[in-house]
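**Q** Input structure: data_25.txt, which contains compact mmCIF, C-alpha atoms and all ligand atoms.
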# COMPACT_ATOMS: atom_id res chain seq x y z
CA MET Z 1 -124.55 -92.99 -106.95
CA PRO Z 2 -125.40 -89.40 -105.89
CA THR Z 3 -126.74 -87.01 -108.52
CA ALA Z 4 -126.00 -83.29 -108.76
CA ILE Z 5 -127.06 -80.47 -111.06
CA VAL Z 6 -124.16 -78.03 -111.44
CA THR Z 7 -124.86 -75.03 -113.67
CA GLY Z 8 -122.14 -73.39 -115.76
CA GLY Z 9 -119.93 -76.45 -116.29
CA SER Z 10 -117.99 -75.50 -119.42
CA ARG Z 11 -115.15 -73.63 -117.69
CA GLY Z 12 -114.00 -71.97 -114.49
CA LEU Z 13 -115.30 -73.08 -111.12
CA GLY Z 14 -118.17 -75.15 -112.50
CA LEU Z 15 -115.85 -77.28 -114.63
CA ALA Z 16 -113.39 -77.74 -111.75
CA LEU Z 17 -116.23 -78.94 -109.52
CA ILE Z 18 -117.76 -81.37 -111.98
CA ARG Z 19 -114.30 -82.84 -112.74
CA GLU Z 20 -113.95 -83.61 -109.03
CA LEU Z 21 -117.50 -84.94 -108.66
CA SER Z 22 -117.15 -87.13 -111.74
CA ALA Z 23 -113.83 -88.53 -110.48
CA SER Z 24 -115.40 -89.46 -107.15
CA GLY Z 25 -118.42 -91.29 -108.50
CA TRP Z 26 -121.12 -88.65 -108.70
CA ARG Z 27 -123.54 -88.40 -111.59
CA VAL Z 28 -123.64 -84.78 -112.80
CA VAL Z 29 -125.98 -82.86 -115.08
CA THR Z 30 -124.55 -79.54 -116.24
CA ASP Z 31 -125.14 -76.73 -118.69
CA ALA Z 32 -123.73 -73.65 -120.42
CA ARG Z 33 -125.05 -71.55 -123.29
CA ASP Z 34 -122.18 -72.57 -125.62
CA GLY Z 35 -122.96 -76.23 -126.27
CA HIS Z 36 -119.74 -76.86 -128.23
CA ALA Z 37 -117.52 -75.54 -125.43
CA LEU Z 38 -119.56 -77.56 -122.94
CA ALA Z 39 -119.21 -80.78 -124.96
CA ASP Z 40 -115.46 -80.22 -125.44
CA ALA Z 41 -114.87 -79.53 -121.74
CA THR Z 42 -116.79 -82.56 -120.48
CA ARG Z 43 -116.06 -85.13 -123.20
CA ASP Z 44 -113.72 -87.25 -121.06
CA LEU Z 45 -115.68 -87.02 -117.81
CA ALA Z 46 -117.59 -90.08 -116.59
CA ARG Z 47 -121.28 -89.82 -115.71
CA VAL Z 48 -121.58 -86.20 -116.83
CA ALA Z 49 -124.66 -85.32 -118.92
CA VAL Z 50 -124.80 -81.98 -120.70
CA VAL Z 51 -127.91 -79.94 -121.46
CA PRO Z 52 -126.87 -76.78 -123.33
CA GLY Z 53 -129.03 -73.74 -122.68
CA ASP Z 54 -129.58 -70.51 -120.83
CA ILE Z 55 -130.32 -70.90 -117.13
CA ALA Z 56 -132.59 -67.84 -117.32
CA ASP Z 57 -134.95 -69.89 -119.52
CA GLY Z 58 -137.54 -71.79 -117.47
CA ARG Z 59 -137.92 -74.58 -120.06
CA HIS Z 60 -134.16 -75.13 -119.94
CA ARG Z 61 -134.24 -75.37 -116.14
CA HIS Z 62 -136.92 -78.04 -116.35
CA ALA Z 63 -134.84 -79.89 -118.97
CA LEU Z 64 -131.94 -79.95 -116.48
CA VAL Z 65 -134.20 -81.45 -113.80
CA GLU Z 66 -135.62 -83.96 -116.31
CA ALA Z 67 -132.09 -85.09 -117.21
CA ALA Z 68 -131.09 -85.35 -113.56
CA THR Z 69 -134.15 -87.44 -112.65
CA ASP Z 70 -133.81 -89.82 -115.57
CA THR Z 71 -133.07 -92.65 -113.14
CA ALA Z 72 -135.07 -95.37 -111.42
CA ASP Z 73 -135.54 -93.42 -108.17
CA ARG Z 74 -135.85 -89.96 -109.83
CA HIS Z 75 -134.01 -88.31 -106.94
CA ILE Z 76 -131.53 -85.42 -106.90
CA ASP Z 77 -128.96 -85.08 -104.12
CA ALA Z 78 -127.55 -81.62 -104.82
CA VAL Z 79 -128.14 -78.47 -106.84
CA VAL Z 80 -125.19 -76.09 -107.33
CA ASN Z 81 -126.20 -72.72 -108.77
CA ASN Z 82 -122.83 -71.68 -110.22
CA ALA Z 83 -123.61 -70.05 -113.60
CA SER Z 84 -123.60 -66.29 -113.28
CA LEU Z 85 -123.46 -63.05 -115.25
CA LEU Z 86 -121.03 -60.25 -114.35
CA GLY Z 87 -122.69 -57.65 -116.58
CA PRO Z 88 -120.83 -55.09 -118.67
CA SER Z 89 -117.02 -55.08 -118.73
CA PRO Z 90 -115.79 -52.64 -117.58
CA GLN Z 91 -118.61 -52.39 -115.05
CA PRO Z 92 -120.42 -49.02 -115.17
CA HIS Z 93 -121.26 -46.86 -112.18
CA LEU Z 94 -124.92 -47.13 -111.15
CA ALA Z 95 -125.68 -43.68 -112.57
CA ASP Z 96 -124.95 -45.08 -116.02
CA TYR Z 97 -125.94 -48.71 -115.55
CA PRO Z 98 -128.26 -49.78 -118.41
CA LEU Z 99 -131.42 -51.03 -116.68
CA ASP Z 100 -132.13 -53.66 -119.30
CA VAL Z 101 -128.69 -55.17 -118.60
CA LEU Z 102 -129.31 -54.96 -114.85
CA ALA Z 103 -132.56 -56.87 -115.36
CA ARG Z 104 -130.64 -59.56 -117.24
CA VAL Z 105 -128.02 -59.76 -114.44
CA TYR Z 106 -130.81 -60.27 -111.92
CA ALA Z 107 -132.55 -62.79 -114.19
CA VAL Z 108 -129.42 -64.95 -114.39
CA ASN Z 109 -128.02 -64.44 -110.87
CA VAL Z 110 -131.19 -64.29 -108.75
CA ILE Z 111 -134.37 -65.45 -110.51
CA ALA Z 112 -132.78 -68.38 -112.36
CA PRO Z 113 -131.15 -69.99 -109.27
CA LEU Z 114 -134.46 -69.82 -107.40
CA GLY Z 115 -136.27 -71.13 -110.47
CA LEU Z 116 -133.94 -74.12 -110.66
CA VAL Z 117 -134.41 -74.78 -106.96
CA GLN Z 118 -138.19 -74.62 -107.36
CA ALA Z 119 -138.04 -77.09 -110.25
CA ALA Z 120 -135.70 -79.44 -108.37
CA LEU Z 121 -137.30 -79.31 -104.90
CA PRO Z 122 -139.90 -82.05 -105.51
CA HIS Z 123 -137.01 -84.40 -106.36
CA LEU Z 124 -134.49 -83.40 -103.68
CA ARG Z 125 -133.86 -86.06 -101.08
CA VAL Z 126 -134.37 -85.29 -97.38
CA GLY Z 127 -130.97 -83.94 -96.36
CA GLY Z 128 -130.35 -82.83 -99.95
CA VAL Z 129 -128.03 -79.90 -100.60
CA ILE Z 130 -128.44 -76.56 -102.37
CA VAL Z 131 -125.27 -74.52 -102.95
CA ASN Z 132 -125.66 -71.01 -104.32
CA ILE Z 133 -122.31 -69.60 -105.43
CA THR Z 134 -121.95 -66.05 -104.15
CA SER Z 135 -119.13 -63.53 -103.85
CA ASP Z 136 -117.44 -61.40 -101.21
CA VAL Z 137 -118.78 -58.33 -103.05
CA ALA Z 138 -122.30 -59.26 -101.88
CA ASN Z 139 -121.37 -57.69 -98.56
CA GLU Z 140 -119.18 -54.81 -99.82
CA SER Z 141 -119.86 -51.62 -101.79
CA TYR Z 142 -117.22 -50.93 -104.44
CA PRO Z 143 -117.63 -48.40 -107.27
CA GLY Z 144 -118.74 -50.23 -110.41
CA TRP Z 145 -119.91 -53.37 -108.64
CA GLY Z 146 -123.49 -52.22 -107.92
CA GLY Z 147 -125.16 -54.52 -110.47
CA TYR Z 148 -123.41 -57.85 -109.96
CA ALA Z 149 -122.85 -57.34 -106.21
CA SER Z 150 -126.47 -56.45 -105.48
CA SER Z 151 -127.58 -59.55 -107.40
CA LYS Z 152 -125.32 -61.71 -105.21
CA ALA Z 153 -126.67 -59.96 -102.09
CA ALA Z 154 -130.19 -60.86 -103.23
CA LEU Z 155 -129.07 -64.45 -103.89
CA GLU Z 156 -127.63 -64.65 -100.37
CA HIS Z 157 -130.91 -63.39 -98.91
CA LEU Z 158 -132.87 -65.99 -100.87
CA THR Z 159 -130.43 -68.61 -99.61
CA GLY Z 160 -130.93 -67.66 -95.96
CA THR Z 161 -134.71 -67.56 -96.29
CA LEU Z 162 -134.78 -70.91 -98.06
CA ALA Z 163 -132.63 -72.39 -95.27
CA ALA Z 164 -135.12 -71.10 -92.69
CA GLU Z 165 -138.07 -72.44 -94.65
CA ARG Z 166 -136.53 -75.85 -95.40
CA PRO Z 167 -134.76 -77.25 -92.31
CA ASP Z 168 -135.01 -80.69 -93.98
CA LEU Z 169 -132.34 -79.55 -96.48
CA ARG Z 170 -128.82 -78.11 -96.21
CA VAL Z 171 -128.81 -74.74 -97.96
CA TYR Z 172 -125.55 -72.88 -98.45
CA ALA Z 173 -124.24 -69.65 -99.93
CA ALA Z 174 -120.61 -70.38 -100.85
CA ASP Z 175 -118.10 -67.64 -101.67
CA PRO Z 176 -115.29 -69.23 -103.73
CA GLY Z 177 -112.91 -66.28 -103.33
CA ASP Z 178 -110.96 -64.65 -106.16
CA LEU Z 179 -110.24 -67.17 -108.94
CA ARG Z 180 -108.35 -67.00 -112.22
CA THR Z 181 -111.31 -67.36 -114.61
CA ARG Z 182 -112.87 -65.60 -117.57
CA MET Z 183 -115.38 -63.83 -115.33
CA HIS Z 184 -112.60 -62.55 -113.10
CA GLN Z 185 -110.63 -61.30 -116.12
CA ASP Z 186 -113.79 -59.55 -117.37
CA ALA Z 187 -114.16 -57.91 -113.95
CA PHE Z 188 -110.60 -56.59 -114.18
CA PRO Z 189 -110.15 -55.89 -117.91
CA GLY Z 190 -106.55 -55.41 -118.98
CA GLU Z 191 -105.23 -56.41 -115.55
CA ASP Z 192 -102.76 -59.25 -115.05
CA ILE Z 193 -104.73 -61.74 -112.91
CA SER Z 194 -102.07 -64.46 -112.98
CA ASP Z 195 -101.60 -64.08 -109.20
CA ARG Z 196 -105.15 -65.34 -108.55
CA PRO Z 197 -105.46 -69.09 -107.83
CA LEU Z 198 -107.01 -71.52 -110.28
CA PRO Z 199 -110.63 -72.52 -109.55
CA ALA Z 200 -109.64 -75.96 -108.20
CA VAL Z 201 -108.60 -74.22 -104.97
CA ALA Z 202 -112.27 -73.73 -104.05
CA VAL Z 203 -113.35 -77.29 -104.83
CA PRO Z 204 -112.41 -79.05 -101.53
CA GLY Z 205 -114.58 -76.58 -99.64
CA LEU Z 206 -117.51 -77.15 -101.98
CA ARG Z 207 -117.03 -80.93 -101.57
CA ARG Z 208 -117.21 -80.50 -97.81
CA LEU Z 209 -120.48 -78.63 -98.16
CA LEU Z 210 -121.86 -81.33 -100.46
CA ASP Z 211 -120.64 -84.36 -98.48
CA GLY Z 212 -120.51 -83.12 -94.90
CA ASP Z 213 -123.05 -82.20 -92.28
CA LEU Z 214 -122.33 -78.49 -91.87
CA ALA Z 215 -125.30 -76.36 -90.83
CA SER Z 216 -127.03 -74.31 -93.50
CA GLY Z 217 -125.48 -70.86 -93.87
CA ARG Z 218 -122.85 -68.80 -95.66
CA TYR Z 219 -119.35 -70.25 -96.09
CA THR Z 220 -116.09 -69.15 -97.67
CA ALA Z 221 -115.15 -72.13 -99.84
CA GLN Z 222 -111.39 -71.70 -99.54
CA ASP Z 223 -111.65 -71.79 -95.72
CA VAL Z 224 -114.20 -74.55 -95.32
CA GLY Z 225 -111.85 -76.80 -97.31
CA VAL Z 226 -108.99 -76.41 -94.81
CA PRO Z 227 -108.86 -79.44 -92.49
CA ALA Z 228 -109.74 -78.53 -88.88
N1 LIG C 301 -113.88 -65.92 -110.56
C1 LIG C 301 -113.96 -65.29 -109.40
O1 LIG C 301 -112.99 -64.62 -108.95
C2 LIG C 301 -115.22 -65.36 -108.59
C3 LIG C 301 -115.26 -64.71 -107.36
C4 LIG C 301 -116.42 -64.77 -106.59
C5 LIG C 301 -117.51 -65.48 -107.06
N2 LIG C 301 -117.46 -66.10 -108.27
C6 LIG C 301 -118.64 -66.85 -108.72
O2 LIG C 301 -118.22 -68.15 -109.10
C7 LIG C 301 -119.13 -68.68 -110.08
C8 LIG C 301 -118.35 -69.20 -111.28
O3 LIG C 301 -117.67 -68.11 -111.86
P1 LIG C 301 -116.42 -68.32 -112.85
O4 LIG C 301 -115.45 -67.29 -112.47
O5 LIG C 301 -116.05 -69.77 -112.87
O6 LIG C 301 -117.09 -67.88 -114.26
P2 LIG C 301 -116.73 -68.29 -115.76
O7 LIG C 301 -115.35 -68.83 -115.88
O8 LIG C 301 -117.13 -67.12 -116.58
O9 LIG C 301 -117.72 -69.52 -116.04
C9 LIG C 301 -119.11 -69.30 -116.04
C10 LIG C 301 -119.82 -70.57 -116.50
O10 LIG C 301 -121.23 -70.34 -116.44
C11 LIG C 301 -121.79 -70.49 -117.76
N3 LIG C 301 -122.90 -69.54 -117.89
C12 LIG C 301 -122.82 -68.19 -117.83
N4 LIG C 301 -124.03 -67.66 -118.01
C13 LIG C 301 -124.89 -68.69 -118.19
C14 LIG C 301 -126.27 -68.79 -118.44
N5 LIG C 301 -127.04 -67.70 -118.56
N6 LIG C 301 -126.84 -70.01 -118.55
C15 LIG C 301 -126.08 -71.12 -118.45
N7 LIG C 301 -124.75 -71.10 -118.21
C16 LIG C 301 -124.17 -69.89 -118.11
C17 LIG C 301 -120.62 -70.23 -118.72
O11 LIG C 301 -120.79 -70.81 -120.00
P3 LIG C 301 -121.47 -69.96 -121.22
O12 LIG C 301 -120.81 -68.62 -121.25
O13 LIG C 301 -121.22 -70.78 -122.45
O14 LIG C 301 -122.92 -69.86 -120.89
C18 LIG C 301 -119.51 -70.94 -117.94
O15 LIG C 301 -119.61 -72.34 -118.09
C19 LIG C 301 -120.10 -67.54 -110.41
O16 LIG C 301 -121.29 -67.69 -109.67
C20 LIG C 301 -119.35 -66.30 -109.95
O17 LIG C 301 -120.22 -65.24 -109.64
C21 LIG C 301 -116.34 -66.05 -109.05
Kindly present the structure from the file in structure tokens form.
**A**
Amino acid sequence: MPTAIVTGGSRGLGLALIRELSASGWRVVTDARDGHALADATRDLARVAVVPGDIADGRHRHALVEAATDTADRHIDAVVNNASLLGPSPQPHLADYPLDVLARVYAVNVIAPLGLVQAALPHLRVGGVIVNITSDVANESYPGWGGYASSKAALEHLTGTLAAERPDLRVYAADPGDLRTRMHQDAFPGEDISDRPLPAVAVPGLRRLLDGDLASGRYTAQDVGVPA
């Protein structure tokens, strides 16, 4: 029974992914800051353990790894860094971006994913998988997106370096595409986002990264899921 840590499992893409993993026999450890929402969302899912907390907190990251390795062989097969912080909504231009908020965006979107990887690495199997959820904005420059987008650019750079340093693992940056979630609504306050697809549309691609043998690198989840 493979084991994954998937952060941010109480809603959106994280919840869609852990529903799929649970249904196909994976054991999943997940988190979110709101423990009640997390418990409600995962109550009916088999083999899903919840550890409420803030991924920016190092003790919480170690608690996630402890929960994931609470098995006879103490191994982890996959880490999916999904939890993320958009920052202020509406997003300010860089000239006005509060630096303390920017530091928090980087703490959640850059430092925390690497911290979780560092905590999990001693337990990752050879051939184990790291998926860092990124965004198309990592490679674009749009007014207002300088905080969140630069954090995703940094996450992508960490991902590429980790892939080069650890050829024994598969290390991916996965862009899920636009999805109808709370974060997306916060990014476009007051806008009707009902034309965006639900998060499940990105899940087949993430499954292919987790289960397949694709080379480490950056992938667009909604494309990688399309059968060749
Ligand atoms: N939606 C899109 O269009 C889109 C596009 C490109 C990339 N992405 C990426 O896709 C991923 C999922 O986004 P989403 O749209 O599904 O977001 P979402 O609906 O807002 O869900 C975010 C999840 O992460 C948790 N979370 C947030 N901050 C956390 C923290 N500090 N510690 C622990 N858990 C935390 C949230 O629960 P709590 O609030 O209770 O902590 C929630 O479970 C993110 O990496 C995002 O950047 C999304």
**Q** Using only C-alpha atoms and all ligand atoms, which protein or nucleic acid residues are at most 8 Å from ligand LIG 301 (chain C), as a PyMOL selection string?
**A** chain Z and resi 7-15+31-35+37-38+52-56+81-86+108-109+132-137+152+175-185+196+199
**Q** Figure out the distance between CA of Ala154 in chain Z and CA of Leu206 in chain Z, please, to one decimal in Å.
**A**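 Calculated distance between CA of Leu206 in chain Z and CA of Ala154 in chain Z is 20.7 Å.
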**Q** Point out the residue among Z:Ala138, Z:Gly147, Z:Ser216, Z:Asp211 with the least atom-to-atom distance to Ala103 in chain Z, counting all atoms listed in the file.
**A**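 Selected residue with least distance to Ala103 in chain Z: Z:Gly147.
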**Q** Name all residues at most 9 Å from Gln222 in chain Z (count only C-alpha atoms; drop same-chain ones fewer than 2 positions away) and give them as a PyMOL selection string.
**A** chain Z and resi 175-177+201-206+219-220+224-226
**Q** Might you pull out every residue within 7 Å of range 25-30 of chain Z, with all atoms listed in the file counted and same-chain residues fewer than 5 positions away left off, and present them as a list in words?
**A**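 So the residues in contact are Met1, Pro2, Thr3, Ala4, Ile5, Val6, Thr7, Gly8, Gly9, Ile18, Arg47, Val48, Ala49, Val50, Val51, Leu64, Ala67 and Ala68 of chain Z.
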**Q** Could you tell me how far CA of Glu156 in chain Z sits from CA of Arg59 in chain Z, in Å to one decimal place?
**A**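 So the two atoms, CA of Arg59 in chain Z and CA of Glu156 in chain Z, lie 24.3 Å apart.
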**Q** With 3 Å of padding per side, what axis-aligned box (centre and edge lengths, Å, one decimal) covers all the listed atoms of range 114-129 of chain Z? Give it as JSON.
**A**
{"center_x": -134.0, "center_y": -77.9, "center_z": -103.5, "size_x": 17.9, "size_y": 22.2, "size_z": 20.3}
**Q** Kindly extract all protein, DNA and RNA residues lying within 12 Å of the coordinates (-132.5, -75.4, -107.1) given in the file, considering only C-alpha atoms, and supply them as a count of residues only.
**A** 46
**Q** Identify which of the residues Z:Pro189, Z:Gly58, Z:Arg125, Z:Arg207 lies closest to Asp73 in chain Z, counting all atoms listed in the file when measuring atom-to-atom distances.
**A**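 Smallest separation from Asp73 in chain Z among the options: Z:Arg125.
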**Q** Calculate how many Å separate CA of Ala173 in chain Z from CA of Ala95 in chain Z, rounding to one decimal.
**A**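 Value for the CA of Ala173 in chain Z-CA of Ala95 in chain Z distance: 28.9 Å.
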**Q** Save range 72-84 of chain Z of the structure in the block above to a file, with all heavy atoms included, as a CSV table (one decimal), in the first residue's frame.
**A**
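That gives us part11.csv:
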chain,number,residue,atom,x,y,z
Z,72,ALA,N,5.1,-0.4,9.5
Z,72,ALA,CA,6.2,-1.3,9.8
Z,72,ALA,C,7.5,-0.9,9.0
Z,72,ALA,O,8.6,-0.9,9.6
Z,72,ALA,CB,5.8,-2.7,9.4
Z,73,ASP,N,7.3,-0.5,7.8
Z,73,ASP,CA,8.6,-0.2,7.0
Z,73,ASP,C,9.0,1.2,7.0
Z,73,ASP,O,10.1,1.6,6.6
Z,73,ASP,CB,8.4,-0.7,5.5
Z,73,ASP,CG,7.4,0.1,4.7
Z,73,ASP,OD1,6.9,1.1,5.3
Z,73,ASP,OD2,7.2,-0.2,3.5
Z,74,ARG,N,8.2,2.1,7.6
Z,74,ARG,CA,8.5,3.5,7.8
Z,74,ARG,C,8.9,4.2,6.5
Z,74,ARG,O,9.7,5.1,6.5
Z,74,ARG,CB,9.6,3.7,8.9
Z,74,ARG,CG,9.1,3.2,10.2
Z,74,ARG,CD,10.1,3.6,11.3
Z,74,ARG,NE,10.3,5.0,11.5
Z,74,ARG,CZ,9.5,5.8,12.2
Z,74,ARG,NH1,8.4,5.3,12.7
Z,74,ARG,NH2,9.7,7.1,12.4
Z,75,HIS,N,8.3,3.8,5.4
Z,75,HIS,CA,8.7,4.4,4.1
Z,75,HIS,C,7.5,5.3,3.6
Z,75,HIS,O,6.4,5.1,3.9
Z,75,HIS,CB,9.0,3.3,3.0
Z,75,HIS,CG,10.4,2.8,3.1
Z,75,HIS,ND1,10.7,1.5,3.4
Z,75,HIS,CD2,11.5,3.5,2.9
Z,75,HIS,CE1,12.0,1.4,3.4
Z,75,HIS,NE2,12.5,2.5,3.1
Z,76,ILE,N,8.0,6.3,2.8
Z,76,ILE,CA,7.0,7.2,2.1
Z,76,ILE,C,7.3,7.1,0.6
Z,76,ILE,O,8.4,7.0,0.2
Z,76,ILE,CB,7.2,8.7,2.6
Z,76,ILE,CG1,7.0,8.9,4.1
Z,76,ILE,CG2,6.4,9.6,1.8
Z,76,ILE,CD1,7.4,10.2,4.6
Z,77,ASP,N,6.2,7.0,-0.1
Z,77,ASP,CA,6.3,6.9,-1.6
Z,77,ASP,C,6.3,8.2,-2.3
Z,77,ASP,O,6.8,8.3,-3.4
Z,77,ASP,CB,5.2,5.9,-2.1
Z,77,ASP,CG,5.4,4.5,-1.6
Z,77,ASP,OD1,6.1,3.7,-2.2
Z,77,ASP,OD2,4.8,4.3,-0.5
Z,78,ALA,N,5.5,9.2,-1.8
Z,78,ALA,CA,5.3,10.4,-2.5
Z,78,ALA,C,5.0,11.6,-1.5
Z,78,ALA,O,4.4,11.4,-0.5
Z,78,ALA,CB,4.1,10.3,-3.5
Z,79,VAL,N,5.5,12.7,-1.9
Z,79,VAL,CA,5.2,14.0,-1.2
Z,79,VAL,C,4.6,14.9,-2.2
Z,79,VAL,O,5.3,15.2,-3.2
Z,79,VAL,CB,6.5,14.6,-0.5
Z,79,VAL,CG1,6.1,16.0,0.1
Z,79,VAL,CG2,7.0,13.7,0.5
Z,80,VAL,N,3.4,15.4,-2.0
Z,80,VAL,CA,2.8,16.4,-2.9
Z,80,VAL,C,2.7,17.7,-2.1
Z,80,VAL,O,1.8,17.8,-1.2
Z,80,VAL,CB,1.4,15.9,-3.4
Z,80,VAL,CG1,0.9,17.0,-4.4
Z,80,VAL,CG2,1.6,14.6,-4.1
Z,81,ASN,N,3.5,18.7,-2.5
Z,81,ASN,CA,3.4,20.0,-1.9
Z,81,ASN,C,2.4,20.8,-2.6
Z,81,ASN,O,2.6,21.4,-3.6
Z,81,ASN,CB,4.8,20.7,-1.9
Z,81,ASN,CG,5.7,20.3,-0.8
Z,81,ASN,OD1,5.4,20.4,0.3
Z,81,ASN,ND2,6.9,19.8,-1.2
Z,82,ASN,N,1.1,20.8,-2.0
Z,82,ASN,CA,0.0,21.5,-2.7
Z,82,ASN,C,-0.5,22.7,-2.0
Z,82,ASN,O,-0.9,23.7,-2.6
Z,82,ASN,CB,-1.2,20.4,-2.8
Z,82,ASN,CG,-2.5,21.1,-3.1
Z,82,ASN,OD1,-2.7,21.4,-4.2
Z,82,ASN,ND2,-3.4,21.2,-2.1
Z,83,ALA,N,-0.4,22.7,-0.6
Z,83,ALA,CA,-0.9,23.9,0.1
Z,83,ALA,C,-0.1,25.1,-0.3
Z,83,ALA,O,1.1,25.1,-0.5
Z,83,ALA,CB,-0.7,23.6,1.6
Z,84,SER,N,-0.8,26.2,-0.4
Z,84,SER,CA,-0.2,27.4,-0.9
Z,84,SER,C,-0.9,28.7,-0.4
Z,84,SER,O,-2.1,28.6,-0.1
Z,84,SER,CB,-0.2,27.4,-2.4
Z,84,SER,OG,0.5,28.4,-3.0
